[in-house]
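Trainee: Sharing entry-v1.csv, CSV, C-alpha atoms:
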```
chain,number,residue,atom,x,y,z
A,26,MET,CA,-35.1,-6.6,14.0
A,27,ARG,CA,-38.1,-4.4,14.8
A,28,LEU,CA,-35.9,-1.3,14.8
A,29,PHE,CA,-34.5,-2.3,11.4
A,30,VAL,CA,-38.0,-2.8,10.0
A,31,ALA,CA,-39.2,0.5,11.4
A,32,ILE,CA,-36.3,2.4,9.9
A,33,SER,CA,-36.8,0.7,6.5
A,34,VAL,CA,-40.5,1.7,6.5
A,35,LEU,CA,-39.6,5.3,7.3
A,36,VAL,CA,-37.0,5.5,4.6
A,37,THR,CA,-39.5,4.0,2.1
A,38,ALA,CA,-42.2,6.5,3.1
A,39,LEU,CA,-39.9,9.4,2.8
A,40,ALA,CA,-38.8,8.2,-0.6
A,41,THR,CA,-42.4,8.3,-1.9
A,42,GLN,CA,-43.0,11.8,-0.7
A,43,PRO,CA,-42.7,14.8,-3.0
A,44,ALA,CA,-39.2,16.2,-3.0
A,45,LEU,CA,-38.7,19.0,-0.6
A,46,ALA,CA,-38.6,22.4,-2.4
A,47,GLN,CA,-35.2,23.9,-2.7
A,48,ALA,CA,-34.7,27.3,-1.2
A,49,PRO,CA,-35.3,30.0,-3.8
A,50,PHE,CA,-32.3,31.8,-5.3
A,51,PRO,CA,-31.8,35.2,-3.8
A,52,GLY,CA,-33.7,38.0,-5.5
A,53,THR,CA,-30.9,40.4,-4.9
A,54,ILE,CA,-27.2,39.6,-4.9
A,55,ALA,CA,-24.8,42.1,-3.4
A,56,LEU,CA,-21.6,43.1,-5.2
A,57,PRO,CA,-18.6,44.6,-3.3
A,58,ASN,CA,-19.2,48.2,-2.2
A,59,GLY,CA,-17.8,50.8,-4.6
A,60,TRP,CA,-17.7,48.2,-7.4
A,61,GLN,CA,-19.3,50.3,-10.1
A,62,PRO,CA,-20.5,47.3,-12.3
A,63,GLU,CA,-21.7,47.2,-15.8
A,64,GLY,CA,-21.5,43.7,-17.3
A,65,ILE,CA,-22.6,40.3,-16.2
A,66,ALA,CA,-22.1,36.8,-17.6
A,67,VAL,CA,-23.2,33.3,-16.5
A,68,GLY,CA,-20.7,30.5,-16.7
A,69,ASP,CA,-20.8,26.8,-15.8
A,70,GLY,CA,-23.6,25.8,-13.4
A,71,SER,CA,-24.9,28.8,-11.4
A,72,THR,CA,-21.6,30.7,-11.5
A,73,PHE,CA,-21.8,34.4,-12.6
A,74,TYR,CA,-19.2,37.0,-13.3
A,75,ALA,CA,-19.6,40.8,-13.0
A,76,GLY,CA,-17.0,43.4,-14.1
A,77,SER,CA,-16.0,46.8,-12.5
A,78,ILE,CA,-15.8,49.7,-14.9
A,79,PRO,CA,-13.1,51.9,-13.2
A,80,THR,CA,-10.7,49.1,-12.3
A,81,GLY,CA,-11.3,46.2,-14.7
A,82,ALA,CA,-11.7,43.8,-11.8
A,83,VAL,CA,-14.0,40.8,-12.2
A,84,TYR,CA,-16.1,39.3,-9.4
A,85,ARG,CA,-17.2,35.7,-9.5
A,86,GLY,CA,-20.2,34.5,-7.5
A,87,ASP,CA,-22.9,31.9,-7.3
A,88,LEU,CA,-26.5,32.7,-8.2
A,89,ARG,CA,-27.7,30.0,-5.9
A,90,THR,CA,-26.1,31.2,-2.7
A,91,GLY,CA,-25.4,34.9,-3.6
A,92,THR,CA,-21.9,34.6,-2.3
A,93,GLY,CA,-18.6,35.2,-4.2
A,94,SER,CA,-15.2,36.8,-4.3
A,95,ILE,CA,-13.0,38.8,-6.6
A,96,LEU,CA,-11.5,36.6,-9.4
A,97,VAL,CA,-9.6,39.2,-11.3
A,98,GLN,CA,-7.9,42.0,-9.4
A,99,GLY,CA,-8.2,45.6,-10.7
A,100,ALA,CA,-5.2,47.1,-12.4
A,101,SER,CA,-4.2,50.4,-13.9
A,102,GLY,CA,-5.0,50.7,-17.6
A,103,ARG,CA,-7.9,48.2,-17.4
A,104,SER,CA,-11.7,48.5,-17.4
A,105,ALA,CA,-14.6,46.1,-17.6
A,106,THR,CA,-18.0,46.7,-19.2
A,107,GLY,CA,-19.6,43.9,-21.2
A,108,LEU,CA,-18.3,40.3,-20.6
A,109,LYS,CA,-19.1,36.8,-21.8
A,110,TYR,CA,-18.1,33.3,-20.8
A,111,ASP,CA,-17.0,30.8,-23.3
A,112,ARG,CA,-15.3,27.4,-22.9
A,113,GLY,CA,-13.5,28.3,-19.7
A,114,ARG,CA,-12.6,31.9,-20.8
A,115,LEU,CA,-13.9,35.3,-20.0
A,116,PHE,CA,-14.0,37.9,-22.8
A,117,VAL,CA,-14.2,41.4,-21.4
A,118,SER,CA,-14.8,44.7,-23.1
A,119,GLY,CA,-12.4,47.5,-22.0
A,120,ALA,CA,-14.5,50.6,-22.3
A,121,ALA,CA,-12.5,53.8,-22.9
A,122,THR,CA,-9.2,51.9,-22.9
A,123,GLY,CA,-10.1,50.7,-26.4
A,124,LYS,CA,-9.0,47.3,-25.3
A,125,ALA,CA,-10.4,43.8,-24.8
A,126,PHE,CA,-9.2,41.3,-22.3
A,127,VAL,CA,-9.4,37.5,-22.2
A,128,TYR,CA,-9.1,35.8,-18.7
A,129,SER,CA,-9.1,32.3,-17.4
A,130,ALA,CA,-12.6,31.8,-15.8
A,131,SER,CA,-11.1,29.4,-13.3
A,132,THR,CA,-8.0,31.2,-12.1
A,133,GLY,CA,-8.5,34.8,-13.3
A,134,ALA,CA,-5.2,34.8,-15.1
A,135,LEU,CA,-4.8,37.1,-18.1
A,136,ILE,CA,-4.6,35.0,-21.2
A,137,ARG,CA,-4.3,37.9,-23.7
A,138,GLU,CA,-4.8,41.6,-24.0
A,139,TYR,CA,-5.9,43.3,-27.2
A,140,GLN,CA,-5.7,47.0,-28.3
A,141,LEU,CA,-8.8,47.0,-30.5
A,142,ALA,CA,-9.1,50.7,-31.1
A,143,THR,CA,-6.2,52.6,-32.7
A,144,GLY,CA,-5.6,56.1,-33.9
A,145,ALA,CA,-6.9,59.4,-32.7
A,146,GLY,CA,-10.4,60.0,-31.5
A,147,PRO,CA,-12.7,58.7,-28.7
A,148,THR,CA,-13.4,55.0,-28.2
A,149,PHE,CA,-15.6,53.0,-25.9
A,150,VAL,CA,-15.4,49.2,-26.3
A,151,ASN,CA,-18.8,48.5,-24.8
A,152,ASP,CA,-20.1,44.9,-25.2
A,153,VAL,CA,-19.2,41.5,-26.5
A,154,VAL,CA,-20.8,38.4,-27.8
A,155,VAL,CA,-19.1,35.1,-28.4
A,156,THR,CA,-20.1,32.5,-31.1
A,157,LYS,CA,-18.5,29.2,-31.9
A,158,ASP,CA,-16.1,30.9,-34.3
A,159,ALA,CA,-15.5,34.4,-33.0
A,160,ALA,CA,-16.0,37.1,-30.4
A,161,TYR,CA,-17.4,40.4,-31.5
A,162,PHE,CA,-17.0,43.7,-29.7
A,163,THR,CA,-19.0,46.9,-30.2
A,164,ASP,CA,-17.5,50.4,-30.0
A,165,SER,CA,-20.0,53.0,-28.9
A,166,ASN,CA,-17.9,55.9,-30.4
A,167,ARG,CA,-16.9,54.4,-33.7
A,168,ALA,CA,-18.7,52.8,-36.7
A,169,VAL,CA,-16.9,49.5,-36.4
A,170,ILE,CA,-17.1,46.1,-34.7
A,171,TYR,CA,-14.1,44.2,-33.7
A,172,LYS,CA,-13.9,40.5,-34.6
A,173,LEU,CA,-11.6,38.1,-32.7
A,174,VAL,CA,-11.5,34.7,-34.5
A,175,LEU,CA,-11.5,31.6,-32.3
A,176,ALA,CA,-9.9,28.3,-33.0
A,177,GLY,CA,-11.9,25.1,-32.7
A,178,ASP,CA,-11.2,24.8,-29.0
A,179,GLY,CA,-12.1,28.4,-28.4
A,180,THR,CA,-8.5,29.7,-28.3
A,181,PRO,CA,-8.5,33.4,-29.4
A,182,ALA,CA,-6.4,34.6,-32.3
A,183,ALA,CA,-3.3,36.7,-31.7
A,184,ALA,CA,-4.9,39.8,-33.3
A,185,ALA,CA,-8.4,41.1,-33.9
A,186,GLN,CA,-10.0,42.3,-37.1
A,187,ARG,CA,-11.8,45.6,-37.5
A,188,LEU,CA,-15.0,45.6,-39.6
A,189,SER,CA,-16.3,48.9,-40.8
A,190,LEU,CA,-20.1,49.2,-40.5
A,191,SER,CA,-21.9,49.9,-43.7
A,192,GLY,CA,-25.5,50.0,-44.8
A,193,ASP,CA,-28.3,51.4,-42.7
A,194,PHE,CA,-26.2,52.2,-39.6
A,195,GLN,CA,-25.2,55.9,-39.2
A,196,LEU,CA,-22.9,57.2,-36.5
A,197,THR,CA,-24.5,59.9,-34.2
A,198,GLY,CA,-23.6,61.9,-31.2
A,199,GLY,CA,-23.7,60.2,-27.9
A,200,PHE,CA,-23.4,56.4,-27.5
A,201,ASN,CA,-23.9,54.4,-30.6
A,202,LEU,CA,-23.7,50.6,-30.9
A,203,ASN,CA,-23.9,49.1,-27.4
A,204,GLY,CA,-25.4,45.6,-26.6
A,205,ILE,CA,-24.7,42.9,-29.1
A,206,GLU,CA,-26.1,39.3,-29.6
A,207,ALA,CA,-25.8,36.6,-32.2
A,208,THR,CA,-28.1,33.9,-33.6
A,209,PRO,CA,-27.3,30.4,-32.5
A,210,ASN,CA,-25.5,29.6,-35.7
A,211,GLY,CA,-23.5,32.8,-35.5
A,212,LYS,CA,-24.5,33.9,-39.0
A,213,VAL,CA,-26.3,37.1,-37.9
A,214,LEU,CA,-25.4,39.7,-35.2
A,215,ILE,CA,-27.9,42.0,-33.6
A,216,ALA,CA,-27.0,45.2,-31.9
A,217,VAL,CA,-28.9,48.2,-30.4
A,218,GLN,CA,-27.9,51.8,-30.9
A,219,THR,CA,-28.3,53.6,-27.6
A,220,SER,CA,-28.7,57.2,-28.9
A,221,THR,CA,-31.4,56.4,-31.4
A,222,GLY,CA,-33.1,53.3,-30.0
A,223,LYS,CA,-32.6,51.5,-33.4
A,224,LEU,CA,-31.9,47.9,-33.8
A,225,PHE,CA,-29.6,46.5,-36.5
A,226,ARG,CA,-28.8,43.2,-38.1
A,227,ILE,CA,-25.1,42.9,-38.9
A,228,ASP,CA,-23.2,40.6,-41.2
A,229,PRO,CA,-20.4,39.1,-39.1
A,230,ASN,CA,-18.1,38.8,-42.1
A,231,THR,CA,-18.6,42.2,-43.8
A,232,GLY,CA,-20.0,44.6,-41.2
A,233,ALA,CA,-23.0,45.4,-43.5
A,234,THR,CA,-26.0,46.5,-41.4
A,235,ARG,CA,-29.7,46.4,-42.0
A,236,LEU,CA,-32.3,48.2,-39.8
A,237,VAL,CA,-34.8,46.0,-38.0
A,238,ASP,CA,-38.2,47.4,-38.5
A,239,LEU,CA,-39.9,47.9,-35.2
A,240,GLY,CA,-43.1,49.5,-36.6
A,241,GLY,CA,-42.2,52.9,-35.4
A,242,ALA,CA,-41.1,51.9,-31.9
A,243,THR,CA,-37.7,52.8,-30.6
A,244,LEU,CA,-35.5,51.3,-27.9
A,245,THR,CA,-33.9,54.5,-26.7
A,246,ASN,CA,-31.3,54.1,-24.0
A,247,GLY,CA,-30.9,50.5,-25.1
A,248,ASP,CA,-27.9,48.9,-23.4
A,249,GLY,CA,-27.3,45.1,-22.9
A,250,ILE,CA,-29.4,42.7,-24.9
A,251,LEU,CA,-30.2,39.0,-24.7
A,252,LEU,CA,-31.6,36.8,-27.5
A,253,GLN,CA,-33.6,33.7,-26.6
A,254,GLY,CA,-35.2,32.1,-29.6
A,255,LYS,CA,-37.0,34.9,-31.4
A,256,SER,CA,-37.5,36.9,-28.2
A,257,LEU,CA,-35.0,39.8,-27.7
A,258,PHE,CA,-34.7,41.3,-24.2
A,259,VAL,CA,-33.3,44.9,-24.4
A,260,VAL,CA,-32.3,46.7,-21.2
A,261,GLN,CA,-33.2,50.4,-21.3
A,262,ASN,CA,-30.9,51.7,-18.6
A,263,VAL,CA,-32.1,55.0,-17.3
A,264,ASP,CA,-35.7,54.0,-18.1
A,265,ASN,CA,-35.4,51.2,-15.5
A,266,ARG,CA,-37.0,48.6,-17.8
A,267,ILE,CA,-36.3,45.6,-20.0
A,268,ALA,CA,-38.2,45.8,-23.3
A,269,VAL,CA,-39.3,42.5,-24.9
A,270,VAL,CA,-39.1,42.4,-28.7
A,271,GLN,CA,-40.7,39.5,-30.6
A,272,LEU,CA,-38.6,39.2,-33.8
A,273,ALA,CA,-39.8,37.9,-37.2
A,274,PRO,CA,-38.2,34.5,-38.3
A,275,ASP,CA,-35.9,36.4,-40.7
A,276,LEU,CA,-35.1,39.0,-38.0
A,277,SER,CA,-36.0,41.8,-40.5
A,278,SER,CA,-38.8,43.2,-38.2
A,279,GLY,CA,-40.0,42.9,-34.7
A,280,THR,CA,-42.7,44.1,-32.2
A,281,VAL,CA,-42.1,45.4,-28.8
A,282,SER,CA,-44.6,43.2,-26.9
A,283,ALA,CA,-43.9,43.8,-23.3
A,284,ALA,CA,-41.8,45.5,-20.7
A,285,ILE,CA,-40.2,44.0,-17.6
A,286,THR,CA,-39.8,46.3,-14.6
A,287,SER,CA,-38.7,45.8,-11.0
A,288,GLN,CA,-38.7,48.0,-7.9
A,289,GLY,CA,-35.1,46.8,-7.5
A,290,PHE,CA,-33.9,48.4,-10.8
A,291,ASP,CA,-31.5,51.3,-10.4
A,292,VAL,CA,-30.2,52.0,-13.9
A,293,PRO,CA,-29.7,48.4,-15.0
A,294,THR,CA,-27.2,48.0,-17.8
A,295,THR,CA,-26.8,44.4,-18.9
A,296,LEU,CA,-28.4,41.1,-18.2
A,297,ALA,CA,-27.9,37.3,-18.3
A,298,ARG,CA,-30.2,34.4,-18.1
A,299,PHE,CA,-30.2,31.4,-15.8
A,300,GLY,CA,-33.1,29.0,-15.9
A,301,SER,CA,-36.4,30.9,-16.0
A,302,SER,CA,-34.9,34.1,-14.6
A,303,LEU,CA,-33.1,37.1,-15.9
A,304,TYR,CA,-30.3,38.8,-13.8
A,305,ALA,CA,-29.7,42.5,-14.4
A,306,VAL,CA,-26.8,44.5,-13.1
A,307,ASP,CA,-27.7,47.8,-11.4
A,308,ALA,CA,-25.0,50.3,-12.5
A,309,ARG,CA,-26.6,53.2,-10.5
A,310,PHE,CA,-25.2,55.8,-12.9
A,311,SER,CA,-27.4,58.5,-11.3
A,312,THR,CA,-25.8,57.9,-7.9
A,313,PRO,CA,-22.4,59.5,-7.3
A,314,PRO,CA,-20.0,56.6,-6.7
A,315,THR,CA,-18.0,56.4,-3.5
A,316,PRO,CA,-16.0,53.5,-2.0
A,317,THR,CA,-18.9,52.6,0.2
A,318,THR,CA,-21.7,52.9,-2.4
A,319,PRO,CA,-23.6,49.5,-2.5
A,320,TYR,CA,-24.2,47.8,-5.8
A,321,SER,CA,-26.2,44.7,-6.7
A,322,ILE,CA,-27.6,42.3,-9.2
A,323,VAL,CA,-31.4,41.9,-9.5
A,324,GLN,CA,-33.3,38.8,-10.4
A,325,VAL,CA,-36.5,39.1,-12.4
A,326,ARG,CA,-38.8,36.5,-13.9
A,327,ARG,CA,-39.3,36.4,-17.6
```
Can the structure from this file be put into structure tokens for me?
Mentor:
Amino acid sequence: MRLFVAISVLVTALATQPALAQAPFPGTIALPNGWQPEGIAVGDGSTFYAGSIPTGAVYRGDLRTGTGSILVQGASGRSATGLKYDRGRLFVSGAATGKAFVYSASTGALIREYQLATGAGPTFVNDVVVTKDAAYFTDSNRAVIYKLVLAGDGTPAAAAQRLSLSGDFQLTGGFNLNGIEATPNGKVLIAVQTSTGKLFRIDPNTGATRLVDLGGATLTNGDGILLQGKSLFVVQNVDNRIAVVQLAPDLSSGTVSAAITSQGFDVPTTLARFGSSLYAVDARFSTPPTPTTPYSIVQVRR
């Protein structure tokens, strides 16, 4: 009886103590050597996905443990740059292939492949954002966005639409539209033009664009972007920084209010959010790639 009472007292005492702090998430997460990543997406729980540019492979890992494995094996004719998770599916931009790929996020099986870019001329399907009703892909070499309509359960349509960009956007030399985001209701898209550092609002139904007035500031080398409320995080890849833009309520203007840097940055390209942290992919474009070149994801606080 005394032993039972002692154990009961101990359990009660422990229950009234502050919860033990969980181990912090790793600040750096290693990807496979030679991976050559570009895009990152967060799925259910603390699961993340990162694509490989030259092979189209997709790595699935856990932000909590830093461990993972290859979900989608690389294949000839595939590439992976921007990617997003939505309702059990991964939407992947196919870079210079001009394609998009949709995979099962649980099994890695290919659900559908799309030839977005057609005709002669260069293409680079760079990034993607998914709303309730559609997935939208940018092409950094063409004045278009590609729209893939989604059914109510998120099932993608059999073919994509091409929306020509009109209005303030002008195609230039070098990379054009790159990172893309959407407002929560999906009624406005936002994209950054890498070569000029300009930010645009885009009508998701017509492709009409309006310049976002940044008061003379530019986001040159803008790559992946992330919208949270009226704060827009813009990765400036070779500048090794993430610019923070505070947008006006109507998104017509914005102010670059801060910059996030990290000693761990080595040409970050895209980013994703989990909790109070941002996770940026180090593409290491200035480092010649080899099969043994290390690559990683870097955690930064907002």
Trainee: To one decimal place in Å, what is the distance between CA of Asp307 (chain A) and CA of Ile322 (chain A)?
Mentor: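 These atoms are spaced 5.9 Å apart.
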Trainee: Go ahead and compute the interatomic distance for CA of Phe299 (chain A) and CA of Ala121 (chain A), in Å to one decimal.
Mentor: 29.4 Å
Trainee: Just give me the gap between CA of Ser118 (chain A) and CA of Ala176 (chain A) in Å, one decimal is fine.
Mentor: 19.8 Å
Trainee: Taking (-27.9, 59.3, -11.4) in the file's coordinates as the center, which residues reach within 9 Å of it, counting all atoms listed in the file, put as a list in words?
Mentor: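 The answer, in the requested form, is Val263, Asp291, Val292, Arg309, Phe310, Ser311, Thr312 and Pro313 of chain A.
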Trainee: Please provide as a PDB file with C-alpha atoms, keeping the file's coordinate frame all residues within 12 Å of Ser287 (chain A), with the sequence filter that same-chain residues fewer than 4 positions apart are discarded (counting all atoms listed in the file).
Mentor:
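What landed in out.pdb:
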```pdb
ATOM      1  CA  GLY A  52     -33.700  38.000  -5.500  1.00  0.00           C
ATOM      2  CA  THR A  53     -30.900  40.400  -4.900  1.00  0.00           C
ATOM      3  CA  ASP A 264     -35.700  54.000 -18.100  1.00  0.00           C
ATOM      4  CA  ASN A 265     -35.400  51.200 -15.500  1.00  0.00           C
ATOM      5  CA  ARG A 266     -37.000  48.600 -17.800  1.00  0.00           C
ATOM      6  CA  ILE A 267     -36.300  45.600 -20.000  1.00  0.00           C
ATOM      7  CA  ASP A 291     -31.500  51.300 -10.400  1.00  0.00           C
ATOM      8  CA  VAL A 292     -30.200  52.000 -13.900  1.00  0.00           C
ATOM      9  CA  PRO A 293     -29.700  48.400 -15.000  1.00  0.00           C
ATOM     10  CA  LEU A 303     -33.100  37.100 -15.900  1.00  0.00           C
ATOM     11  CA  TYR A 304     -30.300  38.800 -13.800  1.00  0.00           C
ATOM     12  CA  ALA A 305     -29.700  42.500 -14.400  1.00  0.00           C
ATOM     13  CA  ASP A 307     -27.700  47.800 -11.400  1.00  0.00           C
ATOM     14  CA  ILE A 322     -27.600  42.300  -9.200  1.00  0.00           C
ATOM     15  CA  VAL A 323     -31.400  41.900  -9.500  1.00  0.00           C
ATOM     16  CA  GLN A 324     -33.300  38.800 -10.400  1.00  0.00           C
ATOM     17  CA  VAL A 325     -36.500  39.100 -12.400  1.00  0.00           C
ATOM     18  CA  ARG A 326     -38.800  36.500 -13.900  1.00  0.00           C
ATOM     19  CA  ARG A 327     -39.300  36.400 -17.600  1.00  0.00           C
TER      20      ARG A 327
END
```
